[in-house]
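Chemist: Below is query32.cif; it holds mmCIF, C-alpha atoms.
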data_model
#
loop_
_atom_site.label_atom_id
_atom_site.label_comp_id
_atom_site.auth_asym_id
_atom_site.auth_seq_id
_atom_site.Cartn_x
_atom_site.Cartn_y
_atom_site.Cartn_z
CA MET A 1 0.00 0.00 0.00
CA SER A 2 1.31 3.44 -0.95
CA ILE A 3 0.11 7.01 -1.06
CA GLY A 4 0.79 9.42 -3.90
CA ILE A 5 2.32 12.78 -3.04
CA ILE A 6 1.78 15.52 -5.61
CA ARG A 7 4.44 18.23 -5.54
CA VAL A 8 2.99 21.34 -7.17
CA PHE A 9 6.18 22.54 -8.85
CA THR A 10 8.77 21.13 -11.23
CA THR A 11 12.22 19.82 -10.44
CA ASP A 12 14.31 16.83 -11.39
CA GLU A 13 16.27 16.78 -8.14
CA HIS A 14 15.20 13.49 -6.59
CA SER A 15 16.07 14.52 -3.04
CA ILE A 16 13.69 17.48 -3.37
CA ILE A 17 10.92 15.52 -5.11
CA ASN A 18 11.03 12.87 -2.39
CA ALA A 19 11.43 15.17 0.63
CA HIS A 20 7.76 15.26 1.66
CA GLY A 21 7.25 11.55 1.13
CA GLU A 22 10.30 10.76 3.24
CA LYS A 23 9.04 12.98 6.07
CA ILE A 24 5.65 11.23 5.98
CA ASN A 25 7.23 7.80 5.85
CA GLU A 26 9.43 8.64 8.82
CA PHE A 27 6.44 9.85 10.87
CA SER A 28 3.61 7.53 9.84
CA GLY A 29 5.43 4.57 8.30
CA ILE A 30 3.49 4.80 5.02
CA ASN A 31 5.22 4.14 1.73
CA CYS A 32 5.04 7.26 -0.47
CA LEU A 33 5.39 7.77 -4.21
CA ASN A 34 6.24 11.35 -5.20
CA LYS A 35 5.53 13.16 -8.46
CA CYS A 36 5.94 16.76 -9.62
CA ILE A 37 3.65 18.61 -12.01
CA PRO A 38 5.42 19.50 -15.31
CA ASP A 39 6.71 22.87 -16.54
CA GLN A 40 6.26 24.94 -13.39
CA PRO A 41 9.72 25.38 -11.85
CA LYS A 42 8.45 28.31 -9.77
CA GLY A 43 5.44 26.37 -8.53
CA ILE A 44 2.22 28.14 -7.53
CA TYR A 45 2.60 31.73 -6.40
CA ASP A 46 -0.47 33.61 -7.73
CA ASP A 47 -3.93 33.03 -9.23
CA GLU A 48 -2.64 32.52 -12.75
CA SER A 49 0.04 30.00 -11.79
CA GLU A 50 -2.60 28.16 -9.73
CA GLU A 51 -5.03 28.06 -12.65
CA ILE A 52 -2.57 26.58 -15.10
CA ALA A 53 -1.49 24.04 -12.46
CA ILE A 54 -4.99 22.61 -11.95
CA PRO A 55 -5.22 20.34 -15.03
CA LYS A 56 -1.63 19.21 -14.38
CA ILE A 57 -2.46 18.24 -10.80
CA ILE A 58 -5.51 16.29 -12.03
CA GLU A 59 -3.32 14.51 -14.58
CA VAL A 60 -0.77 13.46 -11.95
CA ALA A 61 -3.59 12.28 -9.65
CA LYS A 62 -5.05 10.13 -12.43
CA LYS A 63 -1.63 8.59 -13.07
CA PHE A 64 -1.35 7.75 -9.37
CA GLU A 65 -4.80 6.16 -9.38
CA LYS A 66 -3.85 3.84 -12.24
CA ASN A 67 -1.25 2.30 -9.91
CA LYS A 68 -3.40 -0.09 -7.87
CA GLU A 69 -0.90 0.08 -5.00
CA VAL A 70 -1.79 3.78 -4.46
CA LYS A 71 -4.69 4.02 -2.01
CA GLY A 72 -4.74 7.75 -1.35
CA ILE A 73 -3.38 11.04 -2.67
CA ALA A 74 -2.02 14.18 -0.97
CA ILE A 75 -1.80 17.49 -2.80
CA SER A 76 1.24 18.68 -0.91
CA CYS A 77 0.64 22.43 -0.86
CA ALA A 78 -0.93 24.60 1.83
CA ALA A 79 -3.26 26.29 -0.66
CA ASP A 80 -5.03 22.98 -1.47
CA PRO A 81 -4.83 23.68 -5.22
CA ALA A 82 -7.25 21.59 -7.35
CA LEU A 83 -8.49 19.64 -4.32
CA LYS A 84 -12.17 19.61 -5.30
CA ALA A 85 -11.39 19.06 -8.97
CA VAL A 86 -9.16 16.06 -8.23
CA ARG A 87 -11.82 14.51 -5.98
CA GLN A 88 -14.23 14.62 -8.91
CA GLU A 89 -11.79 12.79 -11.14
CA VAL A 90 -10.47 9.99 -8.95
CA SER A 91 -12.21 7.55 -6.64
CA ILE A 92 -9.54 7.15 -3.93
CA PRO A 93 -9.28 9.54 -0.92
CA VAL A 94 -7.60 12.88 -1.68
CA VAL A 95 -6.39 15.41 0.90
CA GLY A 96 -4.70 18.79 0.72
CA ALA A 97 -1.91 19.95 3.02
CA GLY A 98 -3.77 23.17 3.83
CA SER A 99 -6.96 21.55 5.04
CA CYS A 100 -5.06 18.81 6.88
CA ALA A 101 -2.99 21.39 8.75
CA SER A 102 -5.93 23.70 9.46
CA TYR A 103 -8.29 21.04 10.77
CA MET A 104 -5.61 19.22 12.75
CA ALA A 105 -4.83 22.57 14.40
CA LYS A 106 -8.50 23.12 15.20
CA ILE A 107 -8.68 19.74 16.91
CA PHE A 108 -6.15 21.04 19.44
CA SER A 109 -6.87 24.73 19.83
CA ASP A 110 -9.08 27.66 18.97
CA LYS A 111 -6.11 30.05 19.15
CA ILE A 112 -4.09 29.36 16.04
CA GLY A 113 -1.21 31.37 14.61
CA VAL A 114 -0.22 31.01 10.97
CA LEU A 115 3.30 31.49 9.62
CA THR A 116 3.22 32.44 5.93
CA ILE A 117 5.68 33.34 3.21
CA ALA A 118 3.16 35.57 1.41
CA ASP A 119 1.48 38.84 2.30
CA GLU A 120 -1.67 36.96 3.19
CA VAL A 121 -2.93 33.68 4.59
CA PRO A 122 -3.99 31.27 1.79
CA GLU A 123 -7.71 31.87 1.34
CA VAL A 124 -8.66 28.24 1.97
CA MET A 125 -6.78 28.21 5.27
CA GLU A 126 -8.34 31.50 6.34
CA ASN A 127 -11.81 30.10 5.64
CA MET A 128 -11.14 26.83 7.39
CA LEU A 129 -9.54 28.36 10.48
CA GLY A 130 -12.30 30.97 10.84
CA ASP A 131 -12.43 32.58 14.29
CA SER A 132 -9.62 30.31 15.48
CA LEU A 133 -7.08 32.27 13.41
CA VAL A 134 -5.78 34.72 16.01
CA ALA A 135 -2.73 36.02 14.14
CA TRP A 136 -0.51 35.53 11.11
CA GLU A 137 3.03 36.65 10.36
CA LYS A 138 5.41 36.70 7.41
CA PRO A 139 9.12 36.76 8.33
CA LYS A 140 11.15 39.77 7.23
CA ASN A 141 12.94 39.30 3.88
CA ILE A 142 11.04 36.07 3.09
CA HIS A 143 8.94 36.24 -0.07
CA ASN A 144 9.12 32.72 -1.51
CA THR A 145 10.23 29.21 -0.62
CA ALA A 146 13.76 29.78 -1.88
CA ASP A 147 14.25 32.67 0.58
CA LEU A 148 13.84 30.17 3.42
CA LEU A 149 17.19 28.67 2.47
CA LYS A 150 19.08 31.98 2.83
CA ASP A 151 21.26 33.06 5.75
CA GLY A 152 19.22 34.53 8.58
CA ALA A 153 15.93 33.00 7.41
CA ILE A 154 15.59 30.76 10.44
CA GLU A 155 16.20 33.59 12.92
CA GLU A 156 13.71 35.85 11.09
CA SER A 157 11.15 33.04 11.04
CA LEU A 158 11.66 32.39 14.77
CA GLN A 159 11.11 36.09 15.37
CA SER A 160 7.77 35.82 13.55
CA VAL A 161 6.74 32.84 15.66
CA ARG A 162 7.60 34.82 18.81
CA LYS A 163 5.19 37.52 17.58
CA LEU A 164 2.49 34.92 16.95
CA ILE A 165 2.91 33.70 20.52
CA GLU A 166 2.76 37.26 21.89
CA LYS A 167 -0.51 37.72 20.01
CA GLY A 168 -2.05 34.72 21.80
CA SER A 169 -1.35 31.79 19.46
CA GLU A 170 -1.35 28.43 21.25
CA VAL A 171 -0.61 26.35 18.15
CA ILE A 172 1.42 27.34 15.07
CA VAL A 173 0.51 26.25 11.56
CA PHE A 174 2.86 26.65 8.61
CA ALA A 175 1.10 28.07 5.56
CA CYS A 176 3.94 26.93 3.32
CA THR A 177 5.50 23.49 3.03
CA GLY A 178 8.85 25.22 2.52
CA TYR A 179 9.11 25.46 6.32
CA VAL A 180 8.96 21.68 6.36
CA THR A 181 11.91 21.45 3.98
CA ILE A 182 14.13 23.47 6.35
CA GLY A 183 13.09 21.34 9.38
CA PHE A 184 11.58 24.37 11.05
CA SER A 185 8.95 22.59 13.17
CA ASP A 186 11.60 20.86 15.28
CA ILE A 187 13.45 24.16 15.71
CA VAL A 188 10.29 26.00 16.84
CA GLU A 189 9.17 23.31 19.27
CA LYS A 190 12.66 23.13 20.80
CA GLU A 191 13.37 26.88 20.97
CA LEU A 192 9.91 28.23 21.80
CA ASN A 193 8.10 25.30 23.41
CA ILE A 194 4.93 25.59 21.32
CA LYS A 195 3.18 22.92 19.27
CA VAL A 196 3.58 23.18 15.51
CA ILE A 197 1.27 21.66 12.92
CA ASP A 198 3.49 20.65 10.03
CA PRO A 199 1.27 20.46 6.92
CA VAL A 200 3.23 17.60 5.36
CA VAL A 201 3.23 15.45 8.48
CA ALA A 202 -0.48 16.32 8.91
CA GLU A 203 -1.42 15.14 5.42
CA GLY A 204 0.41 11.85 5.92
CA HIS A 205 -1.11 11.31 9.34
CA ALA A 206 -4.62 12.04 8.03
CA LEU A 207 -4.23 9.58 5.14
CA SER A 208 -2.87 6.94 7.50
CA PHE A 209 -6.11 7.34 9.50
CA ILE A 210 -8.44 6.72 6.59
CA LEU A 211 -6.32 4.05 4.93
CA ARG A 212 -5.66 1.82 7.91
CA GLY A 213 -6.79 -1.61 6.83
CA ALA A 214 -7.03 -0.62 3.14
CA MET B 215 3.92 7.76 27.62
CA SER B 216 0.17 7.42 28.03
CA ILE B 217 -2.98 9.34 27.22
CA GLY B 218 -5.91 9.75 29.59
CA ILE B 219 -9.37 8.80 28.29
CA ILE B 220 -12.27 10.41 30.15
CA ARG B 221 -15.51 8.41 29.96
CA VAL B 222 -18.38 10.76 30.69
CA PHE B 223 -20.56 8.29 32.57
CA THR B 224 -20.21 6.00 35.56
CA THR B 225 -19.66 2.27 35.61
CA ASP B 226 -17.45 -0.16 37.51
CA GLU B 227 -17.35 -2.68 34.68
CA HIS B 228 -13.69 -2.65 33.67
CA SER B 229 -14.32 -4.00 30.17
CA ILE B 230 -16.64 -1.06 29.50
CA ILE B 231 -14.38 1.54 31.12
CA ASN B 232 -11.44 0.33 29.06
CA ALA B 233 -13.26 -0.18 25.73
CA HIS B 234 -12.29 3.14 24.14
CA GLY B 235 -8.69 2.97 25.34
CA GLU B 236 -8.33 -0.54 23.94
CA LYS B 237 -9.71 0.55 20.58
CA ILE B 238 -7.23 3.45 20.46
CA ASN B 239 -4.33 1.27 21.54
CA GLU B 240 -5.19 -1.27 18.84
CA PHE B 241 -5.31 1.42 16.13
CA SER B 242 -2.58 3.85 17.14
CA GLY B 243 -0.43 1.82 19.54
CA ILE B 244 -0.71 4.41 22.32
CA ASN B 245 -1.02 3.28 25.92
CA CYS B 246 -4.32 4.55 27.39
CA LEU B 247 -5.50 5.07 30.94
CA ASN B 248 -9.28 5.19 31.30
CA LYS B 249 -11.36 6.90 33.97
CA CYS B 250 -15.10 7.49 34.44
CA ILE B 251 -16.70 10.54 36.02
CA PRO B 252 -18.50 9.71 39.29
CA ASP B 253 -22.24 9.41 40.01
CA GLN B 254 -23.60 9.63 36.47
CA PRO B 255 -24.62 6.10 35.44
CA LYS B 256 -26.79 7.50 32.65
CA GLY B 257 -24.01 9.75 31.35
CA ILE B 258 -24.77 12.98 29.53
CA TYR B 259 -28.14 13.12 27.76
CA ASP B 260 -29.40 16.72 28.18
CA ASP B 261 -28.25 20.21 29.19
CA GLU B 262 -28.62 19.60 32.93
CA SER B 263 -26.69 16.32 32.93
CA GLU B 264 -23.97 18.05 30.88
CA GLU B 265 -23.76 20.95 33.32
CA ILE B 266 -23.33 18.76 36.41
CA ALA B 267 -20.73 16.69 34.52
CA ILE B 268 -18.43 19.64 33.75
CA PRO B 269 -16.70 20.00 37.16
CA LYS B 270 -16.37 16.22 37.34
CA ILE B 271 -14.68 16.09 33.93
CA ILE B 272 -12.28 18.84 35.03
CA GLU B 273 -11.52 16.89 38.20
CA VAL B 274 -10.69 13.70 36.29
CA ALA B 275 -8.52 15.69 33.86
CA LYS B 276 -6.56 17.21 36.75
CA LYS B 277 -6.00 13.74 38.22
CA PHE B 278 -4.68 12.56 34.86
CA GLU B 279 -2.34 15.54 34.62
CA LYS B 280 -0.80 14.71 38.01
CA ASN B 281 0.43 11.45 36.49
CA LYS B 282 3.56 12.59 34.67
CA GLU B 283 3.25 9.66 32.27
CA VAL B 284 0.02 11.17 30.87
CA LYS B 285 0.90 13.49 27.98
CA GLY B 286 -2.58 14.18 26.56
CA ILE B 287 -6.26 13.82 27.40
CA ALA B 288 -9.31 12.83 25.34
CA ILE B 289 -12.84 13.68 26.48
CA SER B 290 -14.41 10.62 24.88
CA CYS B 291 -17.85 11.98 23.97
CA ALA B 292 -19.11 13.38 20.68
CA ALA B 293 -20.57 16.46 22.37
CA ASP B 294 -17.10 17.64 23.55
CA PRO B 295 -18.42 18.35 27.06
CA ALA B 296 -16.19 20.66 29.15
CA LEU B 297 -13.53 20.84 26.42
CA LYS B 298 -12.79 24.55 26.78
CA ALA B 299 -13.02 24.42 30.58
CA VAL B 300 -10.56 21.53 30.82
CA ARG B 301 -8.09 23.30 28.53
CA GLN B 302 -8.09 26.23 30.95
CA GLU B 303 -7.28 23.95 33.88
CA VAL B 304 -4.56 21.68 32.52
CA SER B 305 -1.44 22.37 30.50
CA ILE B 306 -1.27 19.18 28.40
CA PRO B 307 -3.12 18.80 25.05
CA VAL B 308 -6.84 18.05 25.38
CA VAL B 309 -9.13 16.88 22.57
CA GLY B 310 -12.82 16.01 22.35
CA ALA B 311 -14.24 13.10 20.33
CA GLY B 312 -16.75 15.39 18.60
CA SER B 313 -14.22 17.86 17.24
CA CYS B 314 -11.75 15.10 16.31
CA ALA B 315 -14.43 13.26 14.32
CA SER B 316 -15.81 16.42 12.70
CA TYR B 317 -12.48 17.85 11.60
CA MET B 318 -11.08 14.50 10.48
CA ALA B 319 -14.20 14.12 8.34
CA LYS B 320 -13.71 17.60 6.87
CA ILE B 321 -10.15 16.70 5.87
CA PHE B 322 -11.61 14.04 3.56
CA SER B 323 -14.90 15.43 2.32
CA ASP B 324 -17.32 18.32 2.20
CA LYS B 325 -20.30 15.95 2.03
CA ILE B 326 -20.61 14.50 5.48
CA GLY B 327 -23.47 12.46 6.93
CA VAL B 328 -23.93 12.18 10.69
CA LEU B 329 -25.45 9.18 12.46
CA THR B 330 -26.94 10.21 15.83
CA ILE B 331 -28.86 8.58 18.66
CA ALA B 332 -30.67 11.82 19.54
CA ASP B 333 -33.25 13.93 17.74
CA GLU B 334 -30.53 16.37 16.75
CA VAL B 335 -26.85 16.61 15.86
CA PRO B 336 -24.75 17.70 18.87
CA GLU B 337 -24.49 21.48 18.58
CA VAL B 338 -20.70 21.50 18.58
CA MET B 339 -20.60 19.02 15.71
CA GLU B 340 -23.19 20.97 13.75
CA ASN B 341 -21.12 24.16 14.14
CA MET B 342 -17.87 22.46 13.22
CA LEU B 343 -19.24 20.63 10.19
CA GLY B 344 -21.00 23.75 8.86
CA ASP B 345 -21.97 23.50 5.20
CA SER B 346 -20.26 20.12 4.95
CA LEU B 347 -23.09 18.51 6.95
CA VAL B 348 -25.35 17.25 4.15
CA ALA B 349 -27.63 14.98 6.19
CA TRP B 350 -28.18 13.35 9.57
CA GLU B 351 -30.22 10.36 10.65
CA LYS B 352 -31.31 8.69 13.88
CA PRO B 353 -32.12 4.99 13.57
CA LYS B 354 -35.69 3.86 14.37
CA ASN B 355 -36.18 2.73 17.99
CA ILE B 356 -32.77 4.05 19.08
CA HIS B 357 -32.95 6.73 21.76
CA ASN B 358 -29.85 6.12 23.90
CA THR B 359 -26.60 4.16 23.91
CA ALA B 360 -28.21 1.14 25.60
CA ASP B 361 -30.69 0.78 22.72
CA LEU B 362 -27.74 0.08 20.41
CA LEU B 363 -27.24 -3.26 22.17
CA LYS B 364 -30.81 -4.44 21.46
CA ASP B 365 -31.90 -6.90 18.75
CA GLY B 366 -32.37 -5.22 15.41
CA ALA B 367 -30.31 -2.15 16.32
CA ILE B 368 -27.59 -2.89 13.77
CA GLU B 369 -30.05 -3.42 10.92
CA GLU B 370 -31.91 -0.19 11.82
CA SER B 371 -28.60 1.69 12.01
CA LEU B 372 -27.52 0.32 8.63
CA GLN B 373 -30.84 1.49 7.22
CA SER B 374 -30.06 5.01 8.49
CA VAL B 375 -26.61 4.94 6.89
CA ARG B 376 -28.23 3.88 3.59
CA LYS B 377 -30.43 7.00 3.84
CA LEU B 378 -27.38 9.17 4.55
CA ILE B 379 -25.73 7.79 1.41
CA GLU B 380 -28.90 8.39 -0.65
CA LYS B 381 -28.85 12.00 0.54
CA GLY B 382 -25.32 12.46 -0.83
CA SER B 383 -23.04 11.67 2.13
CA GLU B 384 -19.55 10.63 1.09
CA VAL B 385 -18.24 10.12 4.62
CA ILE B 386 -20.16 9.00 7.72
CA VAL B 387 -19.46 10.36 11.20
CA PHE B 388 -20.89 8.79 14.34
CA ALA B 389 -22.30 11.38 16.72
CA CYS B 390 -22.26 8.88 19.57
CA THR B 391 -19.39 6.76 20.79
CA GLY B 392 -21.96 3.99 21.47
CA TYR B 393 -21.62 3.03 17.80
CA VAL B 394 -17.96 2.38 18.50
CA THR B 395 -18.83 -0.01 21.32
CA ILE B 396 -20.92 -2.19 18.97
CA GLY B 397 -18.15 -2.25 16.33
CA PHE B 398 -20.41 -0.51 13.85
CA SER B 399 -17.74 1.21 11.74
CA ASP B 400 -16.38 -2.13 10.48
CA ILE B 401 -19.92 -3.29 9.69
CA VAL B 402 -20.74 -0.13 7.71
CA GLU B 403 -17.48 -0.10 5.73
CA LYS B 404 -17.92 -3.79 4.86
CA GLU B 405 -21.64 -3.71 4.06
CA LEU B 406 -21.98 -0.30 2.43
CA ASN B 407 -18.48 0.50 1.15
CA ILE B 408 -18.35 4.02 2.60
CA LYS B 409 -15.69 5.54 4.83
CA VAL B 410 -16.63 5.98 8.50
CA ILE B 411 -15.04 8.40 10.93
CA ASP B 412 -15.10 6.66 14.28
CA PRO B 413 -14.86 9.37 16.97
CA VAL B 414 -12.84 7.22 19.37
CA VAL B 415 -10.28 6.14 16.78
CA ALA B 416 -10.15 9.78 15.60
CA GLU B 417 -9.34 11.14 19.07
CA GLY B 418 -6.56 8.61 19.54
CA HIS B 419 -5.12 9.27 16.11
CA ALA B 420 -5.20 13.04 16.67
CA LEU B 421 -3.40 12.74 20.01
CA SER B 422 -0.82 10.42 18.49
CA PHE B 423 -0.09 13.19 15.96
CA ILE B 424 0.58 15.89 18.52
CA LEU B 425 2.37 13.65 21.01
CA ARG B 426 4.83 11.99 18.66
CA GLY B 427 8.19 12.60 20.22
CA ALA B 428 6.69 13.77 23.55
#
Output the file's structure as structure tokens, nothing else.
Modeler:
Amino acid sequence: MSIGIIRVFTTDEHSIINAHGEKINEFSGINCLNKCIPDQPKGIYDDESEEIAIPKIIEVAKKFEKNKEVKGIAISCAADPALKAVRQEVSIPVVGAGSCASYMAKIFSDKIGVLTIADEVPEVMENMLGDSLVAWEKPKNIHNTADLLKDGAIEESLQSVRKLIEKGSEVIVFACTGYVTIGFSDIVEKELNIKVIDPVVAEGHALSFILRGA
Amino acid sequence: MSIGIIRVFTTDEHSIINAHGEKINEFSGINCLNKCIPDQPKGIYDDESEEIAIPKIIEVAKKFEKNKEVKGIAISCAADPALKAVRQEVSIPVVGAGSCASYMAKIFSDKIGVLTIADEVPEVMENMLGDSLVAWEKPKNIHNTADLLKDGAIEESLQSVRKLIEKGSEVIVFACTGYVTIGFSDIVEKELNIKVIDPVVAEGHALSFILRGA
């Protein structure tokens, strides 16, 4: 039994393609297959790039479904791109990192702080968190996933989490899976003693719930 | 590491007290300690019985927290009684079966059917499910948990799930943990081929997510 992880950008670096699946496997013990969408090296960063990604995400999902070993699919992006559309096209369970992270956070708290890389919280997360969203922050000098790899990014991001805590957040949710790539949840929990909902771990854990026994 | 399971009724039958904890342990591998609230053999069935239960639930939660092995608490009832109050009194993570089941369901679908034993959906579940609640049903001749043990209860309950499916439900949530006790999720998934969110399994799985590494 495997799950299919859809990465919503394009790369041929295997270590990057497989990063989310490896994290999920480590946490939940599920075997993961990982695929990128084609021709979008910059991923999804605005409405237009999301729109052109949708048919590609559906296509990757359909390919996963043809493999009878694949029992569930995760769209591994906090904005849940194409989630509803993919559910209409395949018959196996499909989750999005954004809804997994948001609802897992709501299970534990009604005071949730969101760490973004954009000048807003992804609309789907804002809707799902509702009144439980007490604050959101974007670290200084961080504008895209790549910025998270630069010098000083971790300290700036920690500074943002400190602000979220000051504003009453009891649980932190990452609104970008890029924070997962830099191992930021472990750093936050160790440095600031607050629970973090990692969207990638959350999507794997949710699928492991529904697929147990499949 | 253990989690504390609060049963919101009174019994001295160990097999009943431990039933939820055993189910969680079987699914998620977490060690569970189980405690009942005192002097409420009929449990929580209306506003008054919920109100008198609240200080008792807090008391049991505080006892659990004194045991340093206990790293999280589940209030094992679909109505999430005393959830906010308990969170104010203890410093370890606390979840309620109702919110765990509702949000886990929302991760997988926006067409959710609820199977109750009462003439309404618990208010907290109704609020959490929002627009995703497409239908709810109460089986004929079922008015309380004890009725689920009577002859014909399983067939009547299956009939209600069939109606939920006819009304467009893609995922079924139990609004009473009594359905867990009779092993009804396995029966539904086998007979009707629809995914069931079992509130007890959901609370254990949610706690296992937040406590990994604790």
Chemist: How far is it from atom CA of B:Ile287 to atom CA of B:Val394, in Å with one decimal?
Modeler: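 Atom CA of B:Val394 lies at a distance of 18.6 Å from atom CA of B:Ile287.
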Chemist: Pull out every residue of chain B sitting within 8 Å of chain A, counting only C-alpha atoms, and send them as an MDAnalysis selection string.
Modeler: chainID B and resid 307:310 313:314 317:318 320:322 409 416 419:420 423:424
Chemist: Can I get the selection written as a PDB file, in the coordinates of the input, with C-alpha atoms?
Modeler:
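Now in again-v6.pdb:
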ATOM      1  CA  PRO B 307      -3.120  18.800  25.050  1.00  0.00           C
ATOM      2  CA  VAL B 308      -6.840  18.050  25.380  1.00  0.00           C
ATOM      3  CA  VAL B 309      -9.130  16.880  22.570  1.00  0.00           C
ATOM      4  CA  GLY B 310     -12.820  16.010  22.350  1.00  0.00           C
ATOM      5  CA  SER B 313     -14.220  17.860  17.240  1.00  0.00           C
ATOM      6  CA  CYS B 314     -11.750  15.100  16.310  1.00  0.00           C
ATOM      7  CA  TYR B 317     -12.480  17.850  11.600  1.00  0.00           C
ATOM      8  CA  MET B 318     -11.080  14.500  10.480  1.00  0.00           C
ATOM      9  CA  LYS B 320     -13.710  17.600   6.870  1.00  0.00           C
ATOM     10  CA  ILE B 321     -10.150  16.700   5.870  1.00  0.00           C
ATOM     11  CA  PHE B 322     -11.610  14.040   3.560  1.00  0.00           C
ATOM     12  CA  LYS B 409     -15.690   5.540   4.830  1.00  0.00           C
ATOM     13  CA  ALA B 416     -10.150   9.780  15.600  1.00  0.00           C
ATOM     14  CA  HIS B 419      -5.120   9.270  16.110  1.00  0.00           C
ATOM     15  CA  ALA B 420      -5.200  13.040  16.670  1.00  0.00           C
ATOM     16  CA  PHE B 423      -0.090  13.190  15.960  1.00  0.00           C
ATOM     17  CA  ILE B 424       0.580  15.890  18.520  1.00  0.00           C
TER      18      ILE B 424
END
Chemist: Separation of atom CA of A:Phe9 and atom CA of A:Val60, in Å?
Modeler: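 Computed distance, atom CA of A:Phe9 to atom CA of A:Val60, equals 11.8 Å.
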Chemist: Scan for residues within 8 Å of the point (-25.1, 14.1, 27.0) in the coordinates of the file, using all atoms listed in the file, and reply as a VMD selection string.
Modeler: chain B and resid 257 to 261 263 to 264 293 295
Chemist: Write a file of the selected residues as a PDB file, keeping the file's coordinate frame, keeping C-alpha atoms.
Modeler:
ATOM      1  CA  GLY B 257     -24.010   9.750  31.350  1.00  0.00           C
ATOM      2  CA  ILE B 258     -24.770  12.980  29.530  1.00  0.00           C
ATOM      3  CA  TYR B 259     -28.140  13.120  27.760  1.00  0.00           C
ATOM      4  CA  ASP B 260     -29.400  16.720  28.180  1.00  0.00           C
ATOM      5  CA  ASP B 261     -28.250  20.210  29.190  1.00  0.00           C
ATOM      6  CA  SER B 263     -26.690  16.320  32.930  1.00  0.00           C
ATOM      7  CA  GLU B 264     -23.970  18.050  30.880  1.00  0.00           C
ATOM      8  CA  ALA B 293     -20.570  16.460  22.370  1.00  0.00           C
ATOM      9  CA  PRO B 295     -18.420  18.350  27.060  1.00  0.00           C
TER      10      PRO B 295
END
Chemist: Run the PyMOL selection byres ((chain B and resi 348) around 7) against the file shown and list the residues it catches, as number ranges by chain.
Modeler: B: 325-327, 346-347, 349, 382-383
Chemist: Here's the selection I'm unsure about, the PyMOL selection byres ((chain A and resi 36) around 8); applied to the file above, which residues does it give, as a ChimeraX atom specification?
Modeler: /A:6-11,17,34-35,37-38,60
Chemist: Would you mind reading off the distance between atom CA of A:Leu83 and atom CA of A:Glu59, one decimal, in Å?
Modeler: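 Computing the Euclidean distance for atom CA of A:Leu83 and atom CA of A:Glu59 yields 12.6 Å.
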Chemist: From the list A:Gly204, A:Lys190, A:Lys140, A:Tyr179, which residue is nearest A:Glu26 when using only C-alpha atoms?
Modeler: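 Looking at the shortest contact to A:Glu26, the residue is A:Gly204.
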Chemist: So which one's closest to A:Lys167, A:Glu51, A:Asp80, A:Glu137, A:Glu123? Using all atoms listed in the file, please.
Modeler: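 The answer is A:Glu137, which sits nearest to A:Lys167.
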Chemist: Pull N, CA and C atoms for stretch 345-355 of chain B from the block and write them as a short mmCIF file (atom, residue, chain, number, x, y, z; two decimals), in the first residue's frame.
Modeler:
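Wrote selection.cif, looks like this:
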data_model
loop_
_atom_site.label_atom_id
_atom_site.label_comp_id
_atom_site.auth_asym_id
_atom_site.auth_seq_id
_atom_site.Cartn_x
_atom_site.Cartn_y
_atom_site.Cartn_z
N ASP B 345 -21.34 23.85 6.49
CA ASP B 345 -21.97 23.50 5.20
C ASP B 345 -21.65 22.09 4.75
N SER B 346 -20.63 21.47 5.36
CA SER B 346 -20.26 20.12 4.95
C SER B 346 -21.22 19.05 5.48
N LEU B 347 -22.09 19.45 6.41
CA LEU B 347 -23.09 18.51 6.95
C LEU B 347 -24.25 18.42 5.96
N VAL B 348 -24.29 17.33 5.18
CA VAL B 348 -25.35 17.25 4.15
C VAL B 348 -26.59 16.54 4.67
N ALA B 349 -26.46 15.70 5.69
CA ALA B 349 -27.63 14.98 6.19
C ALA B 349 -27.32 14.36 7.55
N TRP B 350 -28.37 14.13 8.33
CA TRP B 350 -28.18 13.35 9.57
C TRP B 350 -29.38 12.45 9.75
N GLU B 351 -29.15 11.33 10.44
CA GLU B 351 -30.22 10.36 10.65
C GLU B 351 -30.10 9.75 12.05
N LYS B 352 -31.25 9.47 12.63
CA LYS B 352 -31.31 8.69 13.88
C LYS B 352 -32.04 7.40 13.56
N PRO B 353 -31.45 6.24 13.89
CA PRO B 353 -32.12 4.99 13.57
C PRO B 353 -33.44 4.84 14.35
N LYS B 354 -34.39 4.14 13.73
CA LYS B 354 -35.69 3.86 14.37
C LYS B 354 -35.47 3.08 15.66
N ASN B 355 -36.21 3.43 16.70
CA ASN B 355 -36.18 2.73 17.99
C ASN B 355 -34.87 2.89 18.78
#
